[in-house]
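Source file: final_24.cif. Holds: mmCIF, C-alpha atoms.
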```
data_model
#
loop_
_atom_site.label_atom_id
_atom_site.label_comp_id
_atom_site.auth_asym_id
_atom_site.auth_seq_id
_atom_site.Cartn_x
_atom_site.Cartn_y
_atom_site.Cartn_z
CA MET O 1 90.15 90.02 107.34
CA ALA O 2 89.09 93.31 108.88
CA LYS O 3 90.47 94.14 112.28
CA GLU O 4 90.54 97.07 114.67
CA SER O 5 93.74 99.07 114.79
CA SER O 6 95.92 98.16 117.74
CA HIS O 7 96.55 101.88 118.15
CA ALA O 8 92.97 103.05 118.62
CA ALA O 9 92.75 106.08 120.88
CA ASP O 10 92.41 104.80 124.41
CA GLY O 11 93.72 107.55 126.62
CA HIS O 12 97.30 106.21 126.67
CA GLY O 13 99.19 108.95 124.86
CA VAL O 14 98.03 111.06 121.91
CA HIS O 15 97.19 109.17 118.75
CA ARG O 16 99.65 110.10 116.00
CA VAL O 17 98.27 110.78 112.51
CA VAL O 18 100.74 111.06 109.64
CA VAL O 19 99.91 112.05 106.06
CA ILE O 20 102.18 110.97 103.23
CA VAL O 21 102.32 113.64 100.53
CA ASP O 22 103.52 112.45 97.14
CA GLU O 23 104.14 114.18 93.84
CA ASN O 24 100.86 115.43 92.27
CA SER O 25 98.87 114.89 95.47
CA ASN O 26 95.52 116.68 95.74
CA PRO O 27 95.61 119.81 97.97
CA PHE O 28 91.94 119.51 99.01
CA GLU O 29 92.27 116.14 100.72
CA LEU O 30 95.49 117.30 102.36
CA GLY O 31 93.55 120.29 103.68
CA CYS O 32 90.78 118.02 104.97
CA ALA O 33 93.27 115.88 106.89
CA THR O 34 94.97 118.96 108.33
CA GLU O 35 91.68 120.59 109.31
CA ILE O 36 90.31 117.50 111.07
CA PHE O 37 93.41 115.99 112.64
CA GLY O 38 95.97 118.79 112.74
CA LEU O 39 94.30 121.75 114.41
CA ARG O 40 94.28 122.45 118.11
CA ARG O 41 90.87 122.18 119.77
CA PRO O 42 90.74 124.71 122.64
CA GLU O 43 86.96 124.36 122.73
CA ILE O 44 87.43 120.69 123.66
CA GLY O 45 90.21 121.34 126.15
CA ARG O 46 92.71 118.75 124.95
CA ASP O 47 94.62 117.70 121.88
CA LEU O 48 92.92 114.91 119.98
CA TYR O 49 95.82 113.95 117.74
CA ASP O 50 99.51 114.46 117.15
CA PHE O 51 99.74 115.37 113.45
CA ALA O 52 102.52 115.42 110.89
CA LEU O 53 103.11 115.55 107.14
CA CYS O 54 105.87 113.59 105.47
CA SER O 55 107.22 113.04 101.99
CA SER O 56 109.85 110.92 100.28
CA GLU O 57 111.35 114.06 98.71
CA PRO O 58 112.46 117.39 100.25
CA ARG O 59 110.36 119.26 97.67
CA THR O 60 106.98 117.87 96.59
CA LEU O 61 105.14 119.38 93.62
CA MET O 62 101.41 119.31 94.33
CA ARG O 63 98.66 118.64 91.79
CA ASP O 64 99.11 120.41 88.44
CA GLY O 65 101.99 122.41 89.88
CA PHE O 66 99.71 124.60 92.01
CA PHE O 67 102.43 124.89 94.65
CA THR O 68 105.48 123.11 96.02
CA LEU O 69 105.45 121.66 99.52
CA THR O 70 108.69 121.91 101.50
CA GLY O 71 109.81 121.69 105.11
CA VAL O 72 107.92 118.52 106.03
CA ALA O 73 109.33 115.40 107.67
CA GLY O 74 110.98 112.62 105.72
CA LEU O 75 109.18 109.39 104.92
CA GLU O 76 110.57 107.79 108.07
CA ALA O 77 107.86 109.68 110.01
CA ALA O 78 105.35 107.21 108.57
CA ASP O 79 106.95 104.48 110.68
CA ALA O 80 105.73 106.21 113.86
CA ALA O 81 102.13 106.67 112.72
CA ASP O 82 99.18 105.17 114.57
CA THR O 83 97.04 106.25 111.62
CA LEU O 84 98.65 106.66 108.21
CA ILE O 85 96.83 108.63 105.50
CA VAL O 86 98.18 107.59 102.11
CA PRO O 87 98.71 109.77 99.01
CA ASN O 88 95.81 110.43 96.69
CA ARG O 89 96.56 111.60 93.17
CA PRO O 90 94.50 112.09 90.01
CA ASP O 91 97.03 110.25 87.84
CA ILE O 92 95.66 106.85 88.80
CA GLU O 93 97.58 104.92 86.14
CA MET O 94 100.96 106.27 87.27
CA PRO O 95 102.67 103.84 89.66
CA ARG O 96 103.32 105.17 93.16
CA ARG O 97 106.89 105.51 94.38
CA SER O 98 108.23 102.22 95.71
CA ALA O 99 109.38 103.93 98.92
CA VAL O 100 105.82 105.12 99.55
CA LEU O 101 104.33 101.68 98.94
CA ASP O 102 106.93 100.12 101.25
CA ALA O 103 105.99 102.61 104.00
CA VAL O 104 102.32 101.65 103.60
CA ARG O 105 103.16 97.93 103.81
CA ARG O 106 105.29 98.43 106.94
CA ALA O 107 102.52 100.42 108.63
CA HIS O 108 99.97 97.74 107.83
CA ALA O 109 102.26 94.96 109.05
CA ARG O 110 102.68 96.59 112.48
CA GLY O 111 98.95 97.22 112.91
CA ALA O 112 98.63 100.90 112.09
CA ARG O 113 95.30 102.16 110.78
CA LEU O 114 95.38 103.08 107.08
CA VAL O 115 93.19 105.74 105.47
CA GLY O 116 92.77 106.49 101.78
CA PHE O 117 90.86 109.54 100.56
CA CYS O 118 89.44 109.42 97.02
CA SER O 119 92.15 107.97 94.74
CA GLY O 120 94.09 106.95 97.85
CA ALA O 121 92.38 103.58 97.40
CA PHE O 122 94.67 103.04 94.40
CA THR O 123 97.72 103.58 96.62
CA LEU O 124 96.44 101.06 99.17
CA ALA O 125 95.56 98.52 96.48
CA GLU O 126 98.91 98.93 94.75
CA ALA O 127 100.62 98.27 98.07
CA GLY O 128 98.70 94.98 98.24
CA VAL O 129 96.98 95.66 101.56
CA LEU O 130 93.45 95.68 100.12
CA ASP O 131 93.42 92.18 98.66
CA GLY O 132 90.20 90.50 99.76
CA ARG O 133 89.13 93.62 101.63
CA ARG O 134 86.23 96.06 101.28
CA ALA O 135 86.98 99.50 99.88
CA THR O 136 85.50 102.32 97.88
CA ALA O 137 86.80 104.83 95.36
CA HIS O 138 85.40 107.71 93.37
CA TRP O 139 82.61 106.54 91.06
CA GLN O 140 84.48 108.04 88.08
CA TRP O 141 87.30 105.52 88.55
CA ALA O 142 85.28 102.49 89.65
CA ASP O 143 85.67 100.58 86.37
CA ALA O 144 89.40 101.29 86.17
CA PHE O 145 89.89 100.25 89.80
CA ARG O 146 87.93 97.02 89.40
CA ALA O 147 89.83 96.07 86.24
CA ARG O 148 93.21 96.74 87.84
CA PHE O 149 92.52 95.29 91.28
CA PRO O 150 89.94 92.50 90.88
CA SER O 151 90.74 90.98 94.28
CA VAL O 152 89.47 94.07 96.11
CA ARG O 153 85.78 94.08 97.09
CA LEU O 154 84.90 97.49 95.66
CA GLU O 155 81.75 99.20 96.92
CA GLU O 156 81.36 101.90 94.32
CA ASP O 157 78.22 103.78 95.38
CA VAL O 158 78.92 104.66 99.01
CA LEU O 159 80.55 107.65 100.69
CA PHE O 160 83.14 105.66 102.62
CA VAL O 161 83.98 102.17 103.82
CA ASP O 162 85.22 101.34 107.32
CA ASP O 163 86.84 97.92 107.14
CA GLY O 164 88.38 98.06 110.60
CA ASP O 165 92.02 98.97 110.20
CA ILE O 166 91.66 100.18 106.59
CA LEU O 167 89.25 102.97 105.70
CA THR O 168 88.58 104.52 102.31
CA ALA O 169 86.53 107.53 101.17
CA ALA O 170 84.95 107.89 97.76
CA GLY O 171 85.69 111.47 96.79
CA SER O 172 86.97 114.83 97.91
CA ALA O 173 84.03 115.91 100.07
CA ALA O 174 83.67 112.37 101.41
CA ALA O 175 87.12 112.83 102.95
CA LEU O 176 85.44 115.12 105.48
CA ASP O 177 82.76 112.51 106.17
CA LEU O 178 85.35 109.80 106.73
CA GLY O 179 87.57 112.08 108.82
CA LEU O 180 84.68 112.90 111.14
CA HIS O 181 83.78 109.20 111.28
CA VAL O 182 87.32 108.48 112.47
CA VAL O 183 87.06 111.20 115.14
CA ARG O 184 83.71 109.74 116.23
CA ARG O 185 85.22 106.26 116.41
CA ASP O 186 88.19 107.49 118.43
CA HIS O 187 86.61 110.11 120.69
CA GLY O 188 82.83 109.70 120.59
CA ALA O 189 79.86 111.58 119.15
CA GLU O 190 80.15 114.73 121.28
CA VAL O 191 83.73 115.43 120.21
CA ALA O 192 82.93 114.65 116.57
CA ASN O 193 79.99 117.05 116.73
CA SER O 194 82.28 119.74 118.15
CA VAL O 195 84.75 119.24 115.30
CA SER O 196 81.96 119.30 112.70
CA ARG O 197 80.54 122.54 114.15
CA ARG O 198 83.92 124.18 113.76
CA LEU O 199 84.01 122.93 110.18
CA VAL O 200 80.40 124.09 109.64
CA PHE O 201 79.82 120.66 108.14
CA ALA O 202 77.20 117.95 108.61
CA ALA O 203 77.89 116.18 111.88
CA HIS O 204 77.15 112.72 110.56
CA ARG O 205 76.61 111.24 107.12
CA ASP O 206 76.59 107.49 107.20
CA GLY O 207 79.17 105.77 105.01
CA GLY O 208 76.44 103.80 103.29
CA GLN O 209 74.90 106.90 101.74
CA ARG O 210 75.25 107.30 98.02
CA GLN O 211 78.30 109.10 96.60
CA PHE O 212 76.21 111.65 94.78
CA VAL O 213 72.62 112.79 94.93
CA GLU O 214 70.37 113.74 92.05
CA ARG O 215 69.51 117.22 93.29
CA PRO O 216 71.66 118.52 96.17
CA MET O 217 69.52 121.69 96.11
CA PRO O 218 65.78 121.36 95.46
CA ASP O 219 64.39 123.05 92.37
CA LEU O 220 61.65 124.68 94.45
CA PRO O 221 62.09 126.06 97.99
CA GLY O 222 59.01 124.11 99.10
CA GLU O 223 60.73 120.84 98.25
CA SER O 224 63.53 121.33 100.79
CA LEU O 225 63.71 118.65 103.48
CA ALA O 226 65.24 121.04 106.03
CA PRO O 227 61.97 121.90 107.85
CA VAL O 228 60.86 118.29 108.31
CA LEU O 229 64.37 117.21 109.35
CA ALA O 230 64.52 119.90 112.02
CA TRP O 231 61.02 118.96 113.20
CA ALA O 232 61.97 115.27 113.47
CA GLN O 233 65.26 115.98 115.29
CA GLU O 234 63.28 117.64 118.09
CA ARG O 235 61.04 114.57 118.44
CA LEU O 236 63.38 111.60 118.18
CA ASP O 237 61.94 110.09 121.35
CA SER O 238 58.47 110.02 119.79
CA PRO O 239 57.18 107.08 117.74
CA LEU O 240 58.03 108.73 114.41
CA THR O 241 57.38 106.80 111.24
CA VAL O 242 57.98 107.47 107.56
CA SER O 243 54.25 108.15 107.26
CA ALA O 244 54.47 110.74 110.05
CA LEU O 245 57.37 112.46 108.30
CA ALA O 246 55.47 112.44 105.03
CA THR O 247 52.40 113.92 106.70
CA ARG O 248 54.52 116.68 108.25
CA ALA O 249 56.05 117.42 104.83
CA ALA O 250 52.57 117.35 103.26
CA VAL O 251 53.59 114.75 100.67
CA SER O 252 52.97 111.07 100.12
CA PRO O 253 55.43 108.51 101.57
CA ALA O 254 56.55 107.71 98.00
CA THR O 255 57.32 111.37 97.30
CA LEU O 256 59.18 111.65 100.61
CA HIS O 257 61.32 108.67 99.68
CA ARG O 258 62.15 110.25 96.33
CA ARG O 259 63.14 113.53 97.97
CA PHE O 260 65.35 111.80 100.55
CA ARG O 261 67.09 109.86 97.78
CA ALA O 262 67.45 112.96 95.63
CA GLN O 263 68.58 115.40 98.33
CA LEU O 264 70.32 113.23 100.96
CA GLY O 265 71.22 110.03 99.14
CA THR O 266 69.51 107.85 101.73
CA THR O 267 66.07 106.72 102.87
CA PRO O 268 63.86 108.35 105.52
CA LEU O 269 64.11 105.31 107.81
CA ALA O 270 67.91 105.09 107.49
CA TRP O 271 68.22 108.81 108.26
CA LEU O 272 65.90 108.55 111.25
CA THR O 273 67.75 105.54 112.65
CA GLY O 274 71.09 107.31 112.23
CA GLU O 275 69.86 110.39 114.06
CA ARG O 276 68.50 108.26 116.90
CA LEU O 277 71.73 106.32 117.20
CA ALA O 278 73.73 109.54 117.33
CA LEU O 279 71.45 110.80 120.12
CA ALA O 280 71.87 107.53 122.02
CA CYS O 281 75.65 107.91 121.84
CA ARG O 282 75.46 111.45 123.18
CA LEU O 283 73.22 110.35 126.07
CA ILE O 284 75.71 107.65 127.07
CA GLU O 285 78.61 110.10 126.85
CA ARG O 286 76.72 112.53 129.09
CA GLY O 287 76.38 109.91 131.80
CA GLU O 288 73.09 108.06 131.29
CA SER O 289 73.97 104.52 132.38
CA ARG O 290 70.51 102.94 132.12
CA PHE O 291 70.38 101.57 128.61
CA GLU O 292 66.63 101.13 128.65
CA VAL O 293 66.39 104.89 129.35
CA VAL O 294 68.85 105.64 126.55
CA ALA O 295 66.80 103.52 124.18
CA ARG O 296 63.54 105.19 125.17
CA ARG O 297 64.85 108.77 125.06
CA SER O 298 66.54 108.25 121.69
CA GLY O 299 63.50 106.59 120.15
CA LEU O 300 65.22 103.23 119.68
CA GLY O 301 62.63 101.48 121.83
CA THR O 302 64.34 98.72 123.78
CA ALA O 303 67.78 98.05 125.21
CA ALA O 304 68.02 95.02 122.92
CA ASN O 305 67.39 97.18 119.86
CA LEU O 306 69.93 99.70 121.16
CA ARG O 307 72.55 96.98 121.48
CA THR O 308 71.90 95.71 117.95
CA LEU O 309 72.02 99.13 116.32
CA MET O 310 75.03 100.36 118.31
CA ARG O 311 77.05 97.30 117.41
CA ARG O 312 76.07 97.74 113.77
CA GLY O 313 76.73 101.49 113.75
CA THR O 314 79.80 101.82 116.00
CA GLY O 315 81.23 98.30 116.06
CA ILE O 316 80.96 98.04 119.86
CA THR O 317 78.27 97.39 122.47
CA PRO O 318 76.65 100.13 124.58
CA SER O 319 78.64 98.93 127.61
CA ALA O 320 81.91 99.14 125.70
CA TYR O 321 80.91 102.55 124.35
CA ARG O 322 80.25 103.79 127.90
CA ARG O 323 83.63 102.52 129.11
CA ARG O 324 85.37 104.22 126.22
CA PHE O 325 83.48 107.53 125.97
CA GLY O 326 81.43 107.91 129.16
CA PRO O 327 82.15 110.44 131.92
CA GLU O 328 84.39 107.99 133.77
CA ALA O 329 86.61 107.32 130.73
CA SER O 330 90.10 108.70 131.11
#
```
For the structure just supplied, provide its representation as structure tokens.
Amino acid sequence: MAKESSHAADGHGVHRVVVIVDENSNPFELGCATEIFGLRRPEIGRDLYDFALCSSEPRTLMRDGFFTLTGVAGLEAADAADTLIVPNRPDIEMPRRSAVLDAVRRAHARGARLVGFCSGAFTLAEAGVLDGRRATAHWQWADAFRARFPSVRLEEDVLFVDDGDILTAAGSAAALDLGLHVVRRDHGAEVANSVSRRLVFAAHRDGGQRQFVERPMPDLPGESLAPVLAWAQERLDSPLTVSALATRAAVSPATLHRRFRAQLGTTPLAWLTGERLALACRLIERGESRFEVVARRSGLGTAANLRTLMRRGTGITPSAYRRRFGPEAS
């Protein structure tokens, strides 16, 4: 059963993120974890996380022998993690080291949050912590994963899955999406936006978006959604509809739907709702305490609708979000 980590960032100490690096681990996902959780954030004015790498061996050969990692902590560092990021490797049929799987099981048993990027879902499943749980993995390995771990509820065509204390991302780039989602969950939308700006990466892609899109770049410049997206983002408090977006883009609603699916992997309504929810979160963080005002200014309509969508999108109510991320939060 999904549950929230007992070590969620709450202002009492700095949340410790530890990455286990195993033989043949992928450098890209390691870089994503380091970039999101390991760098200092002078523009924010405080450290968001305490970050460390660890390995079961003093020398760890990375994927395809690109380089050897040395000088990191021993595997015992995993026992102090509030969030543990597990190894992801392309050799999905090769069993993980027993010491690594034991470290994952111990972390799960004490309530640490577990994160698997790409093939990291195989590590989590092999450790037995995903039985009966929701997870995702790269579409290329979906059949192999399902055959090997039938008790896991695999969602194969999404970017990432947040199942409370266990989170999984589908592929390499989705590691950035999931990492920013974790920052947003821990520190709010404003901080996540700051981190994404430094990464020069999309501030928010919902986990339910498709793993891949048909045409990431439009064949013709005139087919790009960028102008209509920018136009809509400046008018989120207006009664925008899919028809209004289509009119602005000078296409039919059906064509607009096709372009959203092809270029963004989502629908116009889902994108619009996500943008409005992100704006509502920022308004609360900036001190707006009247939820009916937040709902109106973000285009979500009513306080009741705000409560429903915030609970669905963030897992908590607007009041809880204000206590956790508002100006008075410590």
Would you compute, for all listed atoms of range 255-258 of chain O, the axis-aligned bounding box grown by 8 Å on each side, and then report its centre and edge lengths in Å rounded to one decimal, as JSON?
```
{"center_x": 59.7, "center_y": 110.2, "center_z": 98.5, "size_x": 20.8, "size_y": 19.0, "size_z": 20.3}
```
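For range 248-252 of chain O, the residues within 9 Å (counting all atoms listed in the file, excluding itself and residues fewer than 4 positions away along the chain) are Glu223, Leu225, Pro227, Val228, Trp231, Ser243, Ala244, Leu256 and His257 of chain O.
If you apply the PyMOL selection byres ((chain O and resi 117) around 6) to this structure, you end up with Gly116, Cys118, Gly120, Thr168, Ala169 and Ala175 of chain O.
Distances to Arg63 in chain O were evaluated for O:Leu75, O:Leu30, O:Leu176, O:Ala80 using only C-alpha atoms, and the minimum falls at O:Leu30.
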Quick one: everything within 8 Å of range 232-234 of chain O, counting only C-alpha atoms, minus sequence neighbours fewer than 5 positions away in the same chain. Send it as a PyMOL selection string.
chain O and resi 240+245+275
Identify all residues satisfying the PyMOL selection byres ((chain O and resi 307) around 10) in the given file; provide them as a compact mmCIF listing (two decimals) with C-alpha atoms, in the coordinates of the input.
```txt
# COMPACT_ATOMS: atom_id res chain seq x y z
CA PHE O 291 70.38 101.57 128.61
CA ALA O 295 66.80 103.52 124.18
CA LEU O 300 65.22 103.23 119.68
CA THR O 302 64.34 98.72 123.78
CA ALA O 303 67.78 98.05 125.21
CA ALA O 304 68.02 95.02 122.92
CA ASN O 305 67.39 97.18 119.86
CA LEU O 306 69.93 99.70 121.16
CA THR O 308 71.90 95.71 117.95
CA LEU O 309 72.02 99.13 116.32
CA MET O 310 75.03 100.36 118.31
CA ARG O 311 77.05 97.30 117.41
CA ARG O 312 76.07 97.74 113.77
CA GLY O 313 76.73 101.49 113.75
CA ILE O 316 80.96 98.04 119.86
CA THR O 317 78.27 97.39 122.47
CA PRO O 318 76.65 100.13 124.58
CA SER O 319 78.64 98.93 127.61
```
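Counting all atoms listed in the file and comparing O:Val18, O:Arg97, O:Gly179, O:Gly128, the residue that lies closest to Asp79 in chain O is O:Val18.
Distance-wise, CA of Ala107 in chain O and CA of Leu159 in chain O end up 24.5 Å apart.
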Restricting to all atoms listed in the file, whichever of O:Arg106, O:Arg297, O:Arg46, O:His181 is closest to Ala81 in chain O is O:Arg106
Here's the selection I'm unsure about, the PyMOL selection byres ((chain O and resi 237) around 6); applied to the file above, which residues does it give, as a VMD selection string?
chain O and resid 235 to 236 238 297 to 299
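For the pair CA of Arg110 in chain O and CA of Thr60 in chain O, the separation is 26.9 Å.
With CA of Phe51 in chain O on one side and CA of Gly38 in chain O on the other, the separation reads 5.1 Å.
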